[in-house]
>>> print(open('coords_35.csv').read())   # CSV, C-alpha atoms and all ligand atoms
chain,number,residue,atom,x,y,z
A,160,MET,CA,0.0,0.0,0.0
A,161,ASN,CA,1.5,3.4,-0.9
A,162,PRO,CA,1.6,6.1,1.7
A,163,LEU,CA,-1.6,7.8,0.5
A,164,GLY,CA,-3.4,4.5,0.8
A,165,GLU,CA,-1.9,3.9,4.3
A,166,LYS,CA,-3.2,7.3,5.4
A,167,TYR,CA,-6.7,7.3,4.0
A,168,LEU,CA,-8.0,3.8,2.9
A,169,ARG,CA,-10.5,1.8,5.0
A,170,LYS,CA,-8.2,-1.2,5.4
A,171,SER,CA,-10.8,-3.7,6.5
A,172,PHE,CA,-12.5,-3.2,3.1
A,173,LEU,CA,-9.5,-4.1,1.0
A,174,PRO,CA,-8.8,-5.3,-1.6
A,175,PHE,CA,-10.8,-3.0,-3.9
A,176,LEU,CA,-13.6,-5.0,-5.6
A,177,PHE,CA,-12.6,-3.6,-8.9
A,178,CYS,CA,-11.3,-6.0,-11.6
A,179,PRO,CA,-7.5,-6.0,-12.4
A,180,GLY,CA,-6.6,-2.9,-14.4
A,181,CYS,CA,-9.9,-1.1,-13.8
A,182,GLY,CA,-9.7,2.7,-13.8
A,183,ASP,CA,-11.9,3.2,-10.8
A,184,GLY,CA,-9.0,2.6,-8.4
A,185,MET,CA,-7.0,5.3,-10.2
A,186,ILE,CA,-9.8,7.7,-9.5
A,187,VAL,CA,-9.7,6.8,-5.8
A,188,GLN,CA,-6.0,7.6,-5.8
A,189,SER,CA,-6.3,10.9,-7.7
A,190,PHE,CA,-9.1,12.1,-5.4
A,191,LEU,CA,-7.1,11.1,-2.3
A,192,GLN,CA,-4.2,13.1,-3.6
A,193,ALA,CA,-6.4,16.2,-3.9
A,194,VAL,CA,-7.8,15.7,-0.4
A,195,ASP,CA,-4.3,15.3,1.0
A,196,ASP,CA,-2.9,18.3,-0.8
A,197,LEU,CA,-5.8,20.5,0.5
A,198,GLY,CA,-5.9,18.9,4.0
A,199,VAL,CA,-9.7,18.6,3.9
A,200,ALA,CA,-10.2,15.0,5.0
A,201,ASP,CA,-12.3,15.9,8.0
A,202,ASP,CA,-14.5,18.3,6.1
A,203,LEU,CA,-15.8,15.8,3.6
A,204,ALA,CA,-19.3,14.1,3.4
A,205,MET,CA,-19.7,11.8,0.4
A,206,ALA,CA,-22.6,10.0,-1.2
A,207,ALA,CA,-22.9,7.2,-3.8
A,208,GLY,CA,-25.5,5.0,-5.4
A,209,ILE,CA,-25.0,1.7,-7.1
A,210,GLY,CA,-22.5,0.5,-9.7
A,211,CYS,CA,-18.8,-0.4,-9.7
A,212,SER,CA,-18.0,3.4,-9.6
A,213,ALA,CA,-20.3,3.9,-6.7
A,214,TRP,CA,-17.7,1.9,-4.6
A,215,ILE,CA,-15.1,4.5,-5.1
A,216,PRO,CA,-15.9,6.6,-2.0
A,217,VAL,CA,-16.6,3.5,0.2
A,218,TYR,CA,-12.8,2.7,0.4
A,219,MET,CA,-11.9,6.1,1.6
A,220,HIS,CA,-12.0,6.6,5.4
A,221,PHE,CA,-14.2,9.6,5.3
A,222,ASP,CA,-17.9,10.0,6.1
A,223,VAL,CA,-19.8,8.3,3.3
A,224,PHE,CA,-23.4,7.4,2.6
A,225,LYS,CA,-24.1,4.6,0.1
A,226,GLY,CA,-27.7,4.5,-1.0
A,227,LEU,CA,-30.0,3.5,-3.8
A,228,HIS,CA,-29.2,3.3,-7.5
A,229,GLY,CA,-29.3,6.8,-9.0
A,230,ARG,CA,-30.2,8.5,-5.7
A,231,ALA,CA,-26.9,9.8,-4.4
A,232,ILE,CA,-27.6,13.4,-5.3
A,233,PRO,CA,-30.8,13.7,-3.2
A,234,ALA,CA,-28.9,12.2,-0.3
A,235,ALA,CA,-26.1,14.7,-0.9
A,236,ILE,CA,-28.5,17.6,-0.9
A,237,GLY,CA,-29.7,16.5,2.5
A,238,LEU,CA,-26.2,16.3,3.7
A,239,LYS,CA,-25.4,19.8,2.5
A,240,ALA,CA,-28.7,21.2,4.0
A,241,SER,CA,-28.0,19.7,7.4
A,242,ARG,CA,-24.2,20.3,7.5
A,243,PRO,CA,-23.5,23.3,5.3
A,244,SER,CA,-19.8,23.5,6.3
A,245,ARG,CA,-19.1,20.1,4.8
A,246,LYS,CA,-17.6,19.6,1.4
A,247,VAL,CA,-20.1,17.3,-0.2
A,248,VAL,CA,-19.0,14.9,-2.9
A,249,VAL,CA,-21.0,12.5,-5.0
A,250,PHE,CA,-19.5,9.6,-6.9
A,251,THR,CA,-21.8,8.3,-9.6
A,252,GLY,CA,-21.5,6.2,-12.8
A,253,ASP,CA,-22.8,7.0,-16.3
A,254,GLY,CA,-25.7,4.8,-15.7
A,255,ASP,CA,-26.3,5.9,-12.1
A,256,GLY,CA,-25.9,9.6,-12.9
A,257,LEU,CA,-27.2,9.9,-16.5
A,258,ALA,CA,-29.9,7.2,-16.7
A,259,ILE,CA,-31.8,6.4,-13.5
A,260,GLY,CA,-30.5,9.5,-11.7
A,261,GLY,CA,-30.4,11.9,-14.6
A,262,LEU,CA,-33.0,14.3,-13.4
A,263,HIS,CA,-31.4,14.7,-10.0
A,264,LEU,CA,-28.3,15.9,-11.8
A,265,ILE,CA,-30.2,18.4,-13.8
A,266,HIS,CA,-32.0,19.9,-10.8
A,267,ALA,CA,-29.1,20.0,-8.5
A,268,ALA,CA,-27.1,21.8,-11.2
A,269,ARG,CA,-30.0,24.1,-11.9
A,270,ARG,CA,-30.1,25.2,-8.2
A,271,ASN,CA,-26.3,25.6,-8.1
A,272,ILE,CA,-26.1,23.6,-4.9
A,273,ASP,CA,-22.6,23.6,-3.4
A,274,MET,CA,-21.4,20.1,-4.1
A,275,THR,CA,-19.1,18.2,-6.4
A,276,VAL,CA,-20.5,15.4,-8.6
A,277,VAL,CA,-17.8,13.1,-10.0
A,278,ILE,CA,-19.3,11.0,-12.8
A,279,VAL,CA,-17.3,8.0,-13.9
A,280,ASN,CA,-18.0,7.4,-17.5
A,281,ASN,CA,-17.0,3.9,-18.7
A,282,GLN,CA,-19.6,4.0,-21.5
A,283,ILE,CA,-21.5,1.0,-20.1
A,284,TYR,CA,-23.4,-0.5,-17.1
A,285,ALA,CA,-20.4,-2.4,-15.9
A,286,MET,CA,-21.5,-3.9,-12.6
A,287,THR,CA,-24.5,-5.6,-14.0
A,288,GLY,CA,-22.6,-7.3,-16.9
A,289,GLY,CA,-22.2,-4.8,-19.7
A,290,GLN,CA,-25.6,-3.4,-20.8
A,291,VAL,CA,-26.1,-0.3,-23.0
A,292,ALA,CA,-25.9,3.1,-21.1
A,293,PRO,CA,-27.0,6.6,-22.1
A,294,SER,CA,-23.3,7.3,-22.7
A,295,THR,CA,-22.7,4.3,-25.0
A,296,GLY,CA,-21.6,5.3,-28.5
A,297,VAL,CA,-23.7,4.6,-31.7
A,298,GLY,CA,-22.9,1.2,-33.1
A,299,SER,CA,-21.4,-0.2,-29.9
A,300,ARG,CA,-22.1,-3.8,-29.2
A,301,THR,CA,-23.2,-4.5,-25.7
A,302,GLN,CA,-25.2,-7.3,-23.9
A,303,THR,CA,-28.4,-5.5,-24.7
A,304,THR,CA,-27.4,-4.1,-28.1
A,305,PRO,CA,-25.9,-7.3,-29.8
A,306,TYR,CA,-26.3,-5.8,-33.3
A,307,GLY,CA,-25.0,-2.3,-32.3
A,308,ASN,CA,-26.5,0.6,-30.4
A,309,LEU,CA,-28.9,2.8,-32.3
A,310,GLU,CA,-29.2,5.5,-29.7
A,311,LYS,CA,-27.2,8.7,-29.7
A,312,PRO,CA,-25.2,9.1,-26.5
A,313,LEU,CA,-25.8,11.9,-23.9
A,314,ASP,CA,-22.9,14.2,-23.1
A,315,GLY,CA,-22.9,14.7,-19.3
A,316,CYS,CA,-20.8,17.8,-19.5
A,317,LYS,CA,-23.2,19.5,-21.9
A,318,ILE,CA,-26.1,18.6,-19.7
A,319,ALA,CA,-24.4,20.0,-16.7
A,320,ILE,CA,-23.6,23.3,-18.5
A,321,ALA,CA,-27.1,23.7,-19.9
A,322,SER,CA,-28.6,22.9,-16.5
A,323,GLY,CA,-26.7,25.6,-14.7
A,324,ALA,CA,-23.6,24.0,-13.2
A,325,THR,CA,-21.0,26.6,-12.3
A,326,MET,CA,-17.9,24.4,-12.8
A,327,VAL,CA,-17.5,21.7,-15.4
A,328,SER,CA,-14.5,19.6,-16.4
A,329,ARG,CA,-13.7,16.3,-18.1
A,330,TRP,CA,-10.6,14.2,-17.8
A,331,SER,CA,-9.8,10.5,-18.1
A,332,THR,CA,-7.8,8.0,-16.1
A,333,ALA,CA,-5.0,8.6,-18.6
A,334,HIS,CA,-4.8,12.1,-17.0
A,335,THR,CA,-4.3,11.3,-13.3
A,336,ARG,CA,-2.4,14.4,-12.4
A,337,GLN,CA,-4.7,16.8,-14.3
A,338,LEU,CA,-7.6,15.0,-12.6
A,339,THR,CA,-6.1,15.7,-9.1
A,340,ARG,CA,-5.7,19.4,-10.0
A,341,THR,CA,-9.3,19.6,-11.1
A,342,PHE,CA,-10.5,17.7,-8.0
A,343,LYS,CA,-8.8,20.4,-5.9
A,344,LYS,CA,-10.5,23.2,-7.9
A,345,ALA,CA,-13.8,21.4,-7.6
A,346,LEU,CA,-13.4,20.9,-3.8
A,347,ASN,CA,-12.7,24.7,-3.4
A,348,HIS,CA,-15.5,25.8,-5.8
A,349,LYS,CA,-18.5,27.4,-4.3
A,350,GLY,CA,-21.5,26.0,-6.2
A,351,PHE,CA,-22.3,23.0,-8.3
A,352,SER,CA,-19.2,21.4,-9.8
A,353,PHE,CA,-19.3,18.5,-12.2
A,354,VAL,CA,-16.3,16.4,-13.1
A,355,GLU,CA,-16.6,13.7,-15.7
A,356,VAL,CA,-13.9,11.0,-15.7
A,357,LEU,CA,-13.6,8.7,-18.6
A,358,SER,CA,-12.5,5.4,-17.0
A,359,GLN,CA,-11.3,2.2,-18.5
A,360,CYS,CA,-13.4,-0.9,-17.9
A,361,PRO,CA,-11.4,-3.6,-19.5
A,362,VAL,CA,-13.9,-6.3,-18.6
A,363,GLN,CA,-17.1,-5.0,-20.1
A,364,THR,CA,-16.4,-1.9,-22.3
A,365,GLY,CA,-13.0,-3.3,-23.3
A,366,ARG,CA,-14.2,-6.8,-24.2
A,367,TYR,CA,-17.5,-6.0,-25.8
A,368,ILE,CA,-17.2,-2.5,-27.3
A,369,LEU,CA,-13.5,-1.8,-27.9
A,370,GLY,CA,-12.4,-5.3,-28.7
A,371,SER,CA,-9.8,-6.1,-26.0
A,372,GLY,CA,-10.0,-7.0,-22.3
A,373,SER,CA,-6.4,-5.9,-21.7
A,374,PRO,CA,-5.9,-3.0,-19.3
A,375,GLN,CA,-3.0,-1.7,-21.4
A,376,PHE,CA,-5.2,-1.6,-24.5
A,377,ASN,CA,-8.0,0.2,-22.7
A,378,LEU,CA,-5.7,2.8,-21.1
A,379,GLN,CA,-4.1,3.4,-24.5
A,380,TRP,CA,-7.5,3.8,-26.0
A,381,LEU,CA,-8.2,6.7,-23.7
A,382,LYS,CA,-4.7,8.2,-24.5
A,383,ASP,CA,-5.4,7.9,-28.2
A,384,ASN,CA,-9.0,9.2,-28.1
A,385,CYS,CA,-8.9,12.0,-25.6
A,386,VAL,CA,-7.5,15.4,-26.7
A,387,ALA,CA,-6.7,17.9,-24.0
A,388,VAL,CA,-7.7,21.4,-24.9
A,389,LYS,CA,-7.3,24.7,-23.0
A,390,ASP,CA,-9.9,26.7,-24.9
A,391,PRO,CA,-13.4,25.2,-24.6
A,392,SER,CA,-14.4,26.9,-27.9
A,393,GLN,CA,-12.3,24.2,-29.6
A,394,TRP,CA,-14.4,21.3,-28.2
A,395,GLY,CA,-16.7,21.2,-31.3
A,396,GLU,CA,-13.7,20.9,-33.6
A,397,ILE,CA,-12.3,18.0,-31.6
A,398,GLU,CA,-15.6,16.3,-31.6
A,399,ALA,CA,-16.0,16.7,-35.4
A,400,GLN,CA,-12.7,14.7,-35.7
A,401,GLY,CA,-14.3,11.9,-33.8
A,402,LYS,CA,-12.2,12.5,-30.7
A,403,ILE,CA,-13.1,13.3,-27.1
A,404,PRO,CA,-12.2,16.8,-25.8
A,405,VAL,CA,-11.0,16.9,-22.2
A,406,GLY,CA,-10.0,19.8,-20.0
A,407,ASP,CA,-11.6,22.4,-17.7
A,408,ILE,CA,-14.5,23.8,-19.6
A,409,LEU,CA,-16.3,26.2,-17.3
A,410,GLN,CA,-15.9,28.0,-14.0
A,411,ILE,CA,-18.1,30.9,-13.1
A,412,GLU,CA,-19.7,32.4,-10.0
A,413,LYS,CA,-23.4,32.4,-9.3
A,414,PRO,CA,-25.5,32.6,-6.1
A,415,GLU,CA,-25.4,29.3,-4.3
A,416,PHE,CA,-28.7,27.7,-3.3
A,417,MET,CA,-28.2,26.8,0.4
A,418,GLU,CA,-26.8,30.3,1.1
A,419,GLU,CA,-29.8,31.8,-0.7
A,420,VAL,CA,-32.1,29.7,1.5
A,421,GLN,CA,-30.4,30.9,4.7
A,422,ARG,CA,-30.5,34.5,3.5
A,423,MET,CA,-34.2,34.2,2.8
A,424,ASN,CA,-34.9,32.6,6.2
A,425,GLN,CA,-33.1,35.4,7.9
A,426,LYS,CA,-35.1,38.0,6.0
A,427,VAL,CA,-38.4,36.4,6.7
A,428,LYS,CA,-37.5,36.2,10.4
A,429,GLU,CA,-36.5,39.8,10.6
A,430,GLU,CA,-39.7,41.0,8.8
A,431,ALA,CA,-41.8,38.9,11.1
A,432,GLN,CA,-40.0,40.3,14.2
A,433,ALA,CA,-40.5,43.9,12.9
A,434,LYS,CA,-44.2,43.2,12.7
A,435,GLY,CA,-44.2,42.0,16.3
A,436,GLY,CA,-44.6,38.3,15.5
A,437,ASP,CA,-42.2,35.6,16.8
A,438,ARG,CA,-41.0,34.3,13.4
B,68,MET,CA,20.6,12.5,-11.0
B,69,LYS,CA,17.5,11.6,-9.1
B,70,GLY,CA,17.1,7.9,-8.6
B,71,ALA,CA,15.1,5.3,-6.7
B,72,GLU,CA,16.4,3.3,-3.8
B,73,ARG,CA,13.7,0.7,-4.2
B,74,ILE,CA,10.1,0.2,-5.4
B,75,GLU,CA,7.8,-1.6,-3.0
B,76,ILE,CA,5.0,-3.8,-4.3
B,77,ASP,CA,2.4,-4.7,-1.7
B,78,ARG,CA,1.8,-8.4,-2.4
B,79,ARG,CA,-1.4,-8.4,-0.4
B,80,TYR,CA,-3.3,-6.4,-3.0
B,81,CYS,CA,-1.5,-6.6,-6.3
B,82,LYS,CA,-3.8,-7.9,-9.1
B,83,GLY,CA,-1.0,-8.2,-11.7
B,84,CYS,CA,-2.6,-5.8,-14.2
B,85,LEU,CA,1.0,-4.7,-15.2
B,86,LEU,CA,-0.1,-1.1,-16.0
B,87,CYS,CA,3.0,0.0,-14.1
B,88,GLN,CA,5.2,-1.7,-16.7
B,89,TYR,CA,3.1,-0.1,-19.4
B,90,VAL,CA,3.3,3.5,-18.2
B,91,CYS,CA,7.0,3.4,-17.2
B,92,GLU,CA,9.1,5.0,-20.0
B,93,PHE,CA,12.3,3.5,-18.7
B,94,ASP,CA,11.7,-0.3,-18.7
B,95,VAL,CA,11.9,-0.6,-14.9
B,96,PHE,CA,9.4,-3.4,-14.6
B,97,GLU,CA,9.0,-6.8,-16.3
B,98,PRO,CA,6.4,-9.5,-15.8
B,99,GLY,CA,7.4,-11.6,-12.8
B,100,GLN,CA,6.9,-15.2,-11.7
B,101,GLU,CA,5.9,-14.5,-8.1
B,102,ARG,CA,2.2,-14.6,-7.1
B,103,SER,CA,0.4,-12.0,-4.9
B,104,ALA,CA,-1.8,-13.0,-2.0
B,105,LEU,CA,-4.7,-12.6,-4.5
B,106,ASP,CA,-3.0,-15.2,-6.7
B,107,TYR,CA,-2.1,-12.9,-9.6
B,108,LEU,CA,1.4,-12.9,-11.2
B,109,MET,CA,3.0,-9.7,-10.1
B,110,PRO,CA,5.4,-7.4,-11.9
B,111,ARG,CA,9.1,-7.6,-11.0
B,112,VAL,CA,11.3,-4.6,-10.5
B,113,ALA,CA,14.0,-5.5,-13.0
B,114,LYS,CA,16.0,-2.3,-13.6
B,115,ILE,CA,15.8,-0.1,-10.6
B,116,GLU,CA,18.8,1.8,-11.8
B,117,ASN,CA,16.7,3.2,-14.7
B,118,CYS,CA,14.1,4.7,-12.4
B,119,ARG,CA,13.7,8.6,-12.5
B,120,VAL,CA,11.2,8.7,-9.7
B,121,CYS,CA,8.6,10.3,-12.0
B,122,GLY,CA,5.8,8.6,-10.0
B,123,LEU,CA,3.8,7.6,-13.1
B,124,CYS,CA,3.6,3.9,-12.0
B,125,GLU,CA,2.5,4.9,-8.6
B,126,THR,CA,-0.3,7.2,-9.7
B,127,HIS,CA,-1.5,4.7,-12.4
B,128,CYS,CA,-1.6,1.7,-10.1
B,129,PRO,CA,-5.3,0.9,-9.7
B,130,ASP,CA,-4.8,-0.8,-6.4
B,131,MET,CA,-2.4,1.7,-4.9
B,132,VAL,CA,0.1,-1.1,-4.2
B,133,LEU,CA,3.3,0.7,-5.5
B,134,THR,CA,5.6,2.9,-3.5
B,135,VAL,CA,8.6,4.4,-5.3
B,136,VAL,CA,11.2,5.2,-2.6
B,137,ALA,CA,13.6,7.9,-3.8
B,138,ASN,CA,17.3,7.7,-3.2
B,139,THR,CA,18.2,10.4,-0.7
B,140,GLU,CA,21.9,9.7,-0.7
B,141,GLY,CA,24.1,12.5,-2.0
B,142,LYS,CA,21.2,14.6,-3.1
B,143,GLU,CA,20.8,17.8,-1.1
B,144,ASN,CA,23.2,20.0,0.8
B,145,PRO,CA,26.4,19.5,-1.2
A,501,LIG,C1,-33.4,0.5,-8.8
A,501,LIG,C2,-32.3,-0.3,-9.5
A,501,LIG,N1,-32.4,-0.6,-10.8
A,501,LIG,C3,-31.4,-1.4,-11.3
A,501,LIG,C4,-30.4,-1.8,-10.6
A,501,LIG,C5,-29.3,-2.7,-11.3
A,501,LIG,N2,-28.1,-2.0,-11.5
A,501,LIG,C6,-27.1,-2.1,-10.6
A,501,LIG,S1,-25.7,-1.2,-11.1
A,501,LIG,C7,-26.5,-0.7,-12.5
A,501,LIG,C8,-25.8,0.1,-13.6
A,501,LIG,C9,-24.6,0.8,-13.1
A,501,LIG,O1,-24.0,1.4,-14.2
A,501,LIG,P1,-23.1,2.7,-13.9
A,501,LIG,O2,-23.8,3.7,-13.1
A,501,LIG,O3,-22.6,3.1,-15.3
A,501,LIG,O4,-21.9,2.1,-13.0
A,501,LIG,P2,-20.6,1.2,-13.4
A,501,LIG,O5,-20.9,-0.2,-12.9
A,501,LIG,O6,-20.5,1.2,-14.9
A,501,LIG,O7,-19.5,1.9,-12.8
A,501,LIG,C10,-27.8,-1.2,-12.6
A,501,LIG,C11,-28.7,-1.0,-13.7
A,501,LIG,C12,-30.4,-1.5,-9.2
A,501,LIG,N3,-29.3,-1.9,-8.4
A,501,LIG,N4,-31.3,-0.7,-8.7
A,502,LIG,S1,-16.6,-4.5,-14.4
A,502,LIG,FE1,-15.4,-2.8,-15.4
A,502,LIG,S2,-15.9,-1.0,-14.2
A,502,LIG,FE2,-16.5,-2.8,-13.0
A,502,LIG,S3,-14.7,-3.3,-11.6
A,502,LIG,FE3,-14.6,-4.5,-13.5
A,502,LIG,S4,-13.3,-3.4,-14.9
A,502,LIG,FE4,-14.0,-1.9,-13.3
A,503,LIG,S1,8.7,6.2,-11.0
A,503,LIG,FE1,8.6,6.5,-13.2
A,503,LIG,S2,10.6,5.8,-14.0
A,503,LIG,FE2,10.4,5.0,-11.9
A,503,LIG,S3,9.5,2.9,-12.2
A,503,LIG,FE3,7.8,4.4,-11.9
A,503,LIG,S4,7.1,5.0,-13.9
A,503,LIG,FE4,9.2,4.1,-14.1
A,504,MG,MG,-20.8,2.8,-16.2
>>> encode(input="coords_35.csv", output="C-alpha cells")
Amino acid sequence: MNPLGEKYLRKSFLPFLFCPGCGDGMIVQSFLQAVDDLGVADDLAMAAGIGCSAWIPVYMHFDVFKGLHGRAIPAAIGLKASRPSRKVVVFTGDGDGLAIGGLHLIHAARRNIDMTVVIVNNQIYAMTGGQVAPSTGVGSRTQTTPYGNLEKPLDGCKIAIASGATMVSRWSTAHTRQLTRTFKKALNHKGFSFVEVLSQCPVQTGRYILGSGSPQFNLQWLKDNCVAVKDPSQWGEIEAQGKIPVGDILQIEKPEFMEEVQRMNQKVKEEAQAKGGDR
Amino acid sequence: MKGAERIEIDRRYCKGCLLCQYVCEFDVFEPGQERSALDYLMPRVAKIENCRVCGLCETHCPDMVLTVVANTEGKENP
C-alpha cells in the first residue's frame, strides 16, 4: 500500500472489488491526492449510489453514505442542507448519474447547490454485466445491443452546463495528475461542480465495445482518443474529428442555493419580528 | 541525477494488471513469476537503476500497491 493508501483507505474493506486494471482505483487515488494536498479530509461528506464506480468513496476513510441506484444526489443535498460546512461529494456512474439518476443531476445543477459530482464514464453499465448506457456510442455492441447501439449518446458535461452547473471539467484515467488538479479546484469551488472522468473498464467496455480486455489496450484507447484542450471553444472541432475533448470547460460564479435559503430565512424572520410576530 | 532506492509492491493487494510496466518509460518493470496473495502474477522490478522517480507507475496503479522510494543519498546540501 502506498503512503496515500496507508493514510486514507479503509483497510478492512480491501482489496478493492474492482477487476484488475480497472480505472476506478486510479480515481480513488487521484481524489485522495487532492484531499491530502488540500488537507480537507475531516470536512468531507460523500454519497454514492450503485455500480462499480459507486464503490469509489466507500474505500476512503471519510464520512460516506451509500444508497439506492441513482439517488446519491438527493442524499447529498440532504447532507449539504444539514451540514453546510461540509464539502459534499457524490461519486456516480454514467448509468447511475445519467440514466436512473439523470433528473437529479439536472435539478441539483439548476439550483447551483454547493457540491461536487464526479461522474465515472466507462460507456456502459459495468457492474450488471455490460448493458447499454446513455453514454454508449452509436454502433457499440453490448449485452443489450448485440447488433449495435442505435441511440445517440448523452454528453454529461453539456447537460451540466445547460442545466446551470458553475464548474464543469472532463478528464480521463489517462490524466491522473490533471484530474487531481481539477478535483482540488472542484473541492474549493462554491457552487455545483461537475467532473466527468472517462475510466477504463477492460472487462465490459473493453471486451464488448473496444475489442480487447487488456488493461493496457484500454488505457491506450483513452490516451489515443482524448484530446486535452485549454480553450473550450475548440471542443466542437475535436468532436468533429471523432475524438473526445478533455479539460476544464467552465468555472463561473453564481448565487449558491443553500446560502440563498439561509438569507431568505433570515429576511423572513426579521420581517416577522419587525411586525411583532415571533417568526 | 534523481534515482530510486527501491520500489515496493504490496503483495497483499496486487492484481497483476501490469499497468506499471506499461506506463513506465524506462523499462523498470517486467512481468514476474511470483504470485500475490490474491494469486495474480506480479510485476518484477528488473532495472531499478533506470528509475527517474517520476511517479507515473504509482499514480497509475489501480490498487495503490506501488511505492517508489527515492534515493536520498548525495542529493541535497552539497
Ligand atoms: C433501482 C435499481 N435498478 C437497477 C439496478 C441494477 N443496477 C445495478 S448497477 C447498474 C448500472 C450501473 O452502471 P453505472 O452507473 O454506469 O456504473 P458502473 O458499474 O458502470 O461503474 C444497474 C442497472 C439497481 N441496483 N437498482
Ligand atoms: S466491471 Fe469494469 S468498471 Fe466494474 S470493476 Fe470490472 S473493470 Fe471496473
Ligand atoms: S517512478 Fe517513473 S521511472 Fe520509476 S518505475 Fe515508476 S514509472 Fe518508471
Ligand atoms: Mg458505467
>>> residues_around(input="coords_35.csv", residues="stretch 125-136 of chain B", least_positions_apart="5", cutoff="6 Å", atoms="all atoms listed in the file", output="list in words")
Met160, Asn161, Gly184 and Met185 of chain A; Ala71, Glu72, Arg73, Ile74, Glu75, Ile76 and Asp77 of chain B
>>> residues_near_ligand(input="coords_35.csv", ligand="ligand LIG 501 (chain A)", cutoff="6 Å", atoms="all atoms listed in the file", output="mmCIF file with C-alpha atoms, in the frame of the given file")
data_model
loop_
_atom_site.group_PDB
_atom_site.id
_atom_site.type_symbol
_atom_site.label_atom_id
_atom_site.label_comp_id
_atom_site.auth_asym_id
_atom_site.auth_seq_id
_atom_site.Cartn_x
_atom_site.Cartn_y
_atom_site.Cartn_z
ATOM 1 C CA ILE A 209 -25.000 1.700 -7.100
ATOM 2 C CA GLY A 210 -22.500 0.500 -9.700
ATOM 3 C CA CYS A 211 -18.800 -0.400 -9.700
ATOM 4 C CA SER A 212 -18.000 3.400 -9.600
ATOM 5 C CA HIS A 228 -29.200 3.300 -7.500
ATOM 6 C CA GLY A 252 -21.500 6.200 -12.800
ATOM 7 C CA ASP A 253 -22.800 7.000 -16.300
ATOM 8 C CA GLY A 254 -25.700 4.800 -15.700
ATOM 9 C CA ASP A 255 -26.300 5.900 -12.100
ATOM 10 C CA ASN A 281 -17.000 3.900 -18.700
ATOM 11 C CA ILE A 283 -21.500 1.000 -20.100
ATOM 12 C CA TYR A 284 -23.400 -0.500 -17.100
ATOM 13 C CA ALA A 285 -20.400 -2.400 -15.900
ATOM 14 C CA MET A 286 -21.500 -3.900 -12.600
ATOM 15 C CA THR A 287 -24.500 -5.600 -14.000
#
>>> closest_atom_pairs(input="coords_35.csv", of="chain A", to="ligand LIG 502 (chain A)", cutoff="7 Å", atoms="all atoms listed in the file", output="tab-separated table")
residue	atom	partner	partner_atom	distance
A:Leu176	CA	A:LIG502	S3	6.3
A:Phe177	CA	A:LIG502	S3	3.4
A:Cys178	CA	A:LIG502	FE3	4.1
A:Pro179	CA	A:LIG502	S4	6.8
A:Gly180	CA	A:LIG502	S4	6.7
A:Cys181	CA	A:LIG502	FE4	4.2
A:Gly182	CA	A:LIG502	FE4	6.3
A:Asp183	CA	A:LIG502	FE4	6.1
A:Cys211	CA	A:LIG502	FE2	4.7
A:Ser212	CA	A:LIG502	S2	6.7
A:Asn281	CA	A:LIG502	S2	6.7
A:Ala285	CA	A:LIG502	S1	4.6
A:Met286	CA	A:LIG502	FE2	5.1
A:Gln359	CA	A:LIG502	S4	7.0
A:Cys360	CA	A:LIG502	FE1	3.7
A:Pro361	CA	A:LIG502	S4	5.0
A:Val362	CA	A:LIG502	S4	4.7
A:Gln363	CA	A:LIG502	FE1	5.5
>>> atom_distance(input="coords_35.csv", atom1="atom CA of A:Val276", atom2="atom CA of A:Leu264")
8.4 Å
>>> residues_near_ligand(input="coords_35.csv", ligand="ligand LIG 503 (chain A)", cutoff="6 Å", atoms="all atoms listed in the file", output="CSV table (one decimal) with C-alpha atoms, in the frame of the given file")
chain,number,residue,atom,x,y,z
B,90,VAL,CA,3.3,3.5,-18.2
B,91,CYS,CA,7.0,3.4,-17.2
B,92,GLU,CA,9.1,5.0,-20.0
B,93,PHE,CA,12.3,3.5,-18.7
B,95,VAL,CA,11.9,-0.6,-14.9
B,118,CYS,CA,14.1,4.7,-12.4
B,119,ARG,CA,13.7,8.6,-12.5
B,120,VAL,CA,11.2,8.7,-9.7
B,121,CYS,CA,8.6,10.3,-12.0
B,122,GLY,CA,5.8,8.6,-10.0
B,123,LEU,CA,3.8,7.6,-13.1
B,124,CYS,CA,3.6,3.9,-12.0
B,135,VAL,CA,8.6,4.4,-5.3
>>> interface_residues(input="coords_35.csv", of="chain A", to="chain B", cutoff="12 Å", atoms="all atoms listed in the file", output="PyMOL selection string")
chain A and resi 160-168+170+172-192+215+218+331-339+358-361+372-379+382
>>> residues_around(input="coords_35.csv", residues="A:Ser294", least_positions_apart="5", cutoff="6 Å", atoms="all atoms listed in the file", output="ChimeraX atom specification")
/A:282,312-313
>>> residues_near_point(input="coords_35.csv", point="(-25.2, -5.5, -28.1)", cutoff="12 Å", atoms="only C-alpha atoms", output="compact mmCIF listing (two decimals) with C-alpha atoms, in the coordinates of the input")
# COMPACT_ATOMS: atom_id res chain seq x y z
CA ILE A 283 -21.50 1.00 -20.10
CA GLY A 288 -22.60 -7.30 -16.90
CA GLY A 289 -22.20 -4.80 -19.70
CA GLN A 290 -25.60 -3.40 -20.80
CA VAL A 291 -26.10 -0.30 -23.00
CA ALA A 292 -25.90 3.10 -21.10
CA THR A 295 -22.70 4.30 -25.00
CA GLY A 296 -21.60 5.30 -28.50
CA VAL A 297 -23.70 4.60 -31.70
CA GLY A 298 -22.90 1.20 -33.10
CA SER A 299 -21.40 -0.20 -29.90
CA ARG A 300 -22.10 -3.80 -29.20
CA THR A 301 -23.20 -4.50 -25.70
CA GLN A 302 -25.20 -7.30 -23.90
CA THR A 303 -28.40 -5.50 -24.70
CA THR A 304 -27.40 -4.10 -28.10
CA PRO A 305 -25.90 -7.30 -29.80
CA TYR A 306 -26.30 -5.80 -33.30
CA GLY A 307 -25.00 -2.30 -32.30
CA ASN A 308 -26.50 0.60 -30.40
CA LEU A 309 -28.90 2.80 -32.30
CA GLU A 310 -29.20 5.50 -29.70
CA GLN A 363 -17.10 -5.00 -20.10
CA THR A 364 -16.40 -1.90 -22.30
CA ARG A 366 -14.20 -6.80 -24.20
CA TYR A 367 -17.50 -6.00 -25.80
CA ILE A 368 -17.20 -2.50 -27.30
>>> atom_distance(input="coords_35.csv", atom1="atom CA of A:Leu227", atom2="atom CA of A:Ala193")
26.8 Å
>>> closest_residue(input="coords_35.csv", among="B:Glu140, B:Pro98, B:Ser103, B:Gly70", to="B:Ile115", atoms="only C-alpha atoms")
B:Gly70
>>> atom_distance(input="coords_35.csv", atom1="atom CA of A:Gly395", atom2="atom CA of A:Asp407")
14.6 Å
